[in-house]
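Read through the structure below, which is laid out as C-alpha cells, and then see the notes.
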Amino acid sequence: MLHMEKIVAYLNGLDYNILVVILMTIFFSLERLLNSPHKFDKRVPHLLNNMILGSVFILMNLVVASVQVSILQWGDAKQLGLFYHVELPFWLKIVIGIAILDMSSYWMHRLSHRYPLLWRLHRVHHSDTTMDSSSYFRTHPFEAWTFNMINVFATLIIGADTTILFFYFVFLLPFLIIEHANIVLPAWMDRTFGKIFTTPNLHKVHHHRDQYYTDSNYADVFILWDRLFGTYKYVPVKDISYGLNEFDEPKKQTFWYLLITPFLNLKRINKAEKITS
Ligand SMILES: [Zn+2]
Ligand SMILES: [Zn+2]
C-alpha cells in the first residue's frame with residue numbers, strides 16, 4: 001500500500017509540460033538517428049508549424065483547464081458518480097478510470113469523423129501530409145477542448161477525481177507521441193501489443209487519405225474499442241499515403257490556414273491517391 005501511495009505522490013508531482021518536452025526530444029532525436037519509414041524534407045518547418053498550433057492550445061488552455069478543474073471539484077463536493085457508491089481499491093479505480101476515459105475519447109473521435117461540424121475541427125489533425133512525433137501537436141485548439149470536456153464529463157459520471165484524470169493524461173501522452181513517430185517498429189509489436197493497445201502502425205492506418213481507412217482505428221490507447229465496436233482495420237505502413245486530398249496545396253499546410261480552416265467550406269475529396277497537379 002505504501003508503494004501505491006509513493007507512486008501516486010510521484011505521479012502527482014510530475015509536470016505535464018516537462019513530460020511533453022522530454023518525450024518529444026527523445027522521439028524527434030530517434031527519428032533523426034534511426035531509419036525512418038517515411039522520408040520527407042523540411043522537417044524543421046514542419047515541426048515549428050505543428051509546435052505553434054500546440055502552443056496556441058497550451059496558452060488558451062490556461063483558462064479552460066481552470067474551468068475544468070472547477071467542474072470536477074464541484075462533482076467531488078457533491079459526491080457525484082459511480083466511484084462514490086462502490087467500494088474499490090484505488091489502483092482498480094485508476095485502471096477502470098483510464099479504460100472508461102479512453103472509451104469516451106474513442107466515441108468522441110468516432111463522432112468527429114461522422115458529423116461535419118466536428119470534422120471541420122478534426123480535419124486539422126488529419127491534414128498532415130507527412131508524419132512524425134510532432135504530428136501529435138497538430139490539433140485545432142477548439143478540438144482539444146471538445147475532447148478534454150468529454151473526458152471531464154466521463155470523469156464526473158464515473159466519480160473519478162482530478163488525480164485519476166491526470167493519471168489518464170500521463171498514461172495517454174506516450175501513446176500519442178509514439179503513435180505518430182516516424183520510426184520503424186518491429187512487426188511482432190502489432191502481433192502482440194496490437195491485440196490490446198494502439199500501436200504506431202495501427203494509428204498510422206487512421207491517417208491514410210483513403211477514407212475507408214481514415215474512418216478506422218479511432219482508439220488512442222486501447223485498440224480493443226475498435227475491435228469491439230467494429231472499426232478495426234489494417235494496412236501495411238508502406239502502403240499508406242498520409243493527409244487529406246483537400247489539404248495538399250502548400251498554402252493549406254500553414255499555421256494560419258489550419259487555424260481558420262474550421263470556418264471555411266472545404267469539400268471532402270475522397271480518393272485513395274495523392275493529388276499531384
Ligand atoms: Zn481522426
Ligand atoms: Zn493521429
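Starting from 1 in every chain, residues are counted up; chains themselves are A, B, ... following the order of the C-alpha cells, and ligands are numbered from 1 as listed.
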
Report the residues of range 113-265 of chain A whose backbone DSSP state falls under helix (DSSP H, G or I), written as a CSV table (one decimal) with C-alpha atoms, in the first residue's frame.
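File produced: out-v5.csv:
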chain,number,residue,atom,x,y,z
A,113,HIS,CA,-15.4,11.7,-38.3
A,114,ARG,CA,-19.2,11.2,-38.6
A,116,PRO,CA,-19.4,17.6,-40.5
A,117,LEU,CA,-19.3,20.3,-37.8
A,118,LEU,CA,-16.9,18.2,-35.7
A,119,TRP,CA,-14.9,17.1,-38.7
A,120,ARG,CA,-14.2,20.8,-39.5
A,121,LEU,CA,-12.1,20.8,-36.3
A,122,HIS,CA,-10.7,17.3,-36.5
A,123,ARG,CA,-9.5,17.5,-40.1
A,124,VAL,CA,-6.7,19.8,-39.0
A,125,HIS,CA,-5.1,16.7,-37.3
A,126,HIS,CA,-5.6,14.6,-40.5
A,133,SER,CA,6.2,12.8,-33.5
A,134,SER,CA,5.2,16.5,-33.8
A,135,SER,CA,2.0,15.5,-35.6
A,136,TYR,CA,0.6,14.9,-32.1
A,137,PHE,CA,0.5,18.7,-31.7
A,141,PRO,CA,-7.2,24.2,-30.1
A,142,PHE,CA,-11.0,24.2,-30.2
A,143,GLU,CA,-10.9,20.5,-30.9
A,144,ALA,CA,-8.6,19.8,-28.0
A,145,TRP,CA,-11.2,21.5,-25.7
A,146,THR,CA,-14.0,19.3,-27.0
A,147,PHE,CA,-12.0,16.1,-26.2
A,148,ASN,CA,-11.0,17.5,-22.8
A,149,MET,CA,-14.6,18.4,-22.0
A,150,ILE,CA,-15.8,14.9,-22.9
A,151,ASN,CA,-13.1,13.5,-20.6
A,152,VAL,CA,-14.2,15.8,-17.9
A,153,PHE,CA,-17.9,14.6,-18.2
A,154,ALA,CA,-16.8,11.0,-18.3
A,155,THR,CA,-14.8,11.7,-15.1
A,156,LEU,CA,-17.9,13.1,-13.5
A,157,ILE,CA,-20.0,10.1,-14.5
A,158,ILE,CA,-17.6,7.6,-13.1
A,162,THR,CA,-8.6,15.2,-10.9
A,163,THR,CA,-5.9,12.7,-9.8
A,164,ILE,CA,-7.3,9.9,-12.0
A,165,LEU,CA,-7.9,12.3,-14.9
A,166,PHE,CA,-4.3,13.5,-14.6
A,167,PHE,CA,-3.1,9.8,-14.5
A,168,TYR,CA,-5.0,9.2,-17.7
A,169,PHE,CA,-3.4,12.2,-19.4
A,170,VAL,CA,0.1,11.0,-18.2
A,171,PHE,CA,-0.6,7.4,-19.4
A,172,LEU,CA,-2.0,8.7,-22.7
A,173,LEU,CA,0.8,11.1,-23.6
A,174,PRO,CA,3.5,8.5,-24.6
A,175,PHE,CA,0.9,6.7,-26.8
A,176,LEU,CA,0.0,9.9,-28.6
A,177,ILE,CA,3.6,10.8,-29.3
A,178,ILE,CA,4.9,7.3,-30.3
A,179,GLU,CA,1.8,6.6,-32.5
A,180,HIS,CA,2.9,9.5,-34.8
A,187,ALA,CA,6.1,-6.3,-36.8
A,188,TRP,CA,5.9,-8.5,-33.7
A,189,MET,CA,4.7,-5.4,-31.7
A,190,ASP,CA,1.5,-5.4,-33.8
A,191,ARG,CA,1.0,-9.2,-33.3
A,192,THR,CA,1.4,-8.9,-29.5
A,193,PHE,CA,0.7,-5.4,-28.1
A,194,GLY,CA,-1.5,-4.6,-31.1
A,195,LYS,CA,-4.1,-7.1,-29.8
A,200,PRO,CA,2.1,3.2,-34.1
A,201,ASN,CA,1.4,1.1,-37.2
A,202,LEU,CA,-2.3,0.8,-36.3
A,203,HIS,CA,-2.7,4.6,-35.7
A,204,LYS,CA,-1.0,5.4,-39.0
A,205,VAL,CA,-3.7,3.4,-40.8
A,206,HIS,CA,-6.1,6.1,-39.4
A,211,GLN,CA,-11.5,7.4,-46.2
A,212,TYR,CA,-12.2,3.7,-45.9
A,213,TYR,CA,-9.1,3.6,-43.7
A,214,THR,CA,-9.4,7.2,-42.2
A,224,LEU,CA,-9.8,-3.1,-28.1
A,225,TRP,CA,-12.5,-0.4,-28.5
A,226,ASP,CA,-12.1,-0.6,-32.3
A,227,ARG,CA,-12.1,-4.4,-32.3
A,228,LEU,CA,-15.2,-4.4,-30.0
A,229,PHE,CA,-17.2,-1.7,-31.9
A,237,VAL,CA,2.5,1.3,-43.3
A,238,LYS,CA,4.5,1.2,-46.6
A,239,ASP,CA,1.1,1.4,-48.5
A,245,ASN,CA,-6.6,15.4,-50.7
A,246,GLU,CA,-8.3,18.8,-50.0
A,247,PHE,CA,-5.3,19.9,-47.9
A,250,PRO,CA,1.3,24.1,-49.6
A,251,LYS,CA,-0.7,27.2,-48.6
A,252,LYS,CA,-3.2,24.9,-46.9
A,253,GLN,CA,-0.4,23.5,-44.7
A,255,PHE,CA,-0.4,27.6,-39.4
A,256,TRP,CA,-2.8,30.4,-40.2
A,257,TYR,CA,-4.7,28.3,-42.7
A,258,LEU,CA,-5.0,25.4,-40.3
A,259,LEU,CA,-6.2,27.8,-37.5
A,260,ILE,CA,-9.0,29.3,-39.7
A,261,THR,CA,-10.0,26.1,-41.6
A,262,PRO,CA,-12.9,25.2,-39.3
A,263,PHE,CA,-14.6,28.3,-40.6

Computed gap from CA of Gln68 in chain A to CA of Leu88 in chain A is 24.9 Å

Return the single residue from A:Leu264, A:Ile71, A:Met131, A:Leu92 that is closest to ligand 2, with distances computed using only C-alpha atoms and all ligand atoms.
->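 Counting only C-alpha atoms and all ligand atoms, the residue closest to ligand 2 is A:Met131.
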
Practice item. Considering only C-alpha atoms, state which residue in the set A:Asp161, A:Glu249, A:Asp128, A:Asp15 is at the smallest distance from Gly97 in chain A. Key: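 Of all the options, A:Asp161 lies closest to Gly97 in chain A.
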
Residue nearest ligand 1 among A:Asp76, A:Glu87, A:Asp102, A:Asp215 (counting only C-alpha atoms and all ligand atoms):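 Once distances to ligand 1 are computed over only C-alpha atoms and all ligand atoms, the minimum belongs to A:Asp215.
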
**OP:** May I ask which of the residues A:Asn217, A:Asn270, A:Thr130, A:Asn182 is the closest one to Asn50 in chain A, counting only C-alpha atoms?
**Re:**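 The answer is A:Thr130, which sits nearest to Asn50 in chain A.
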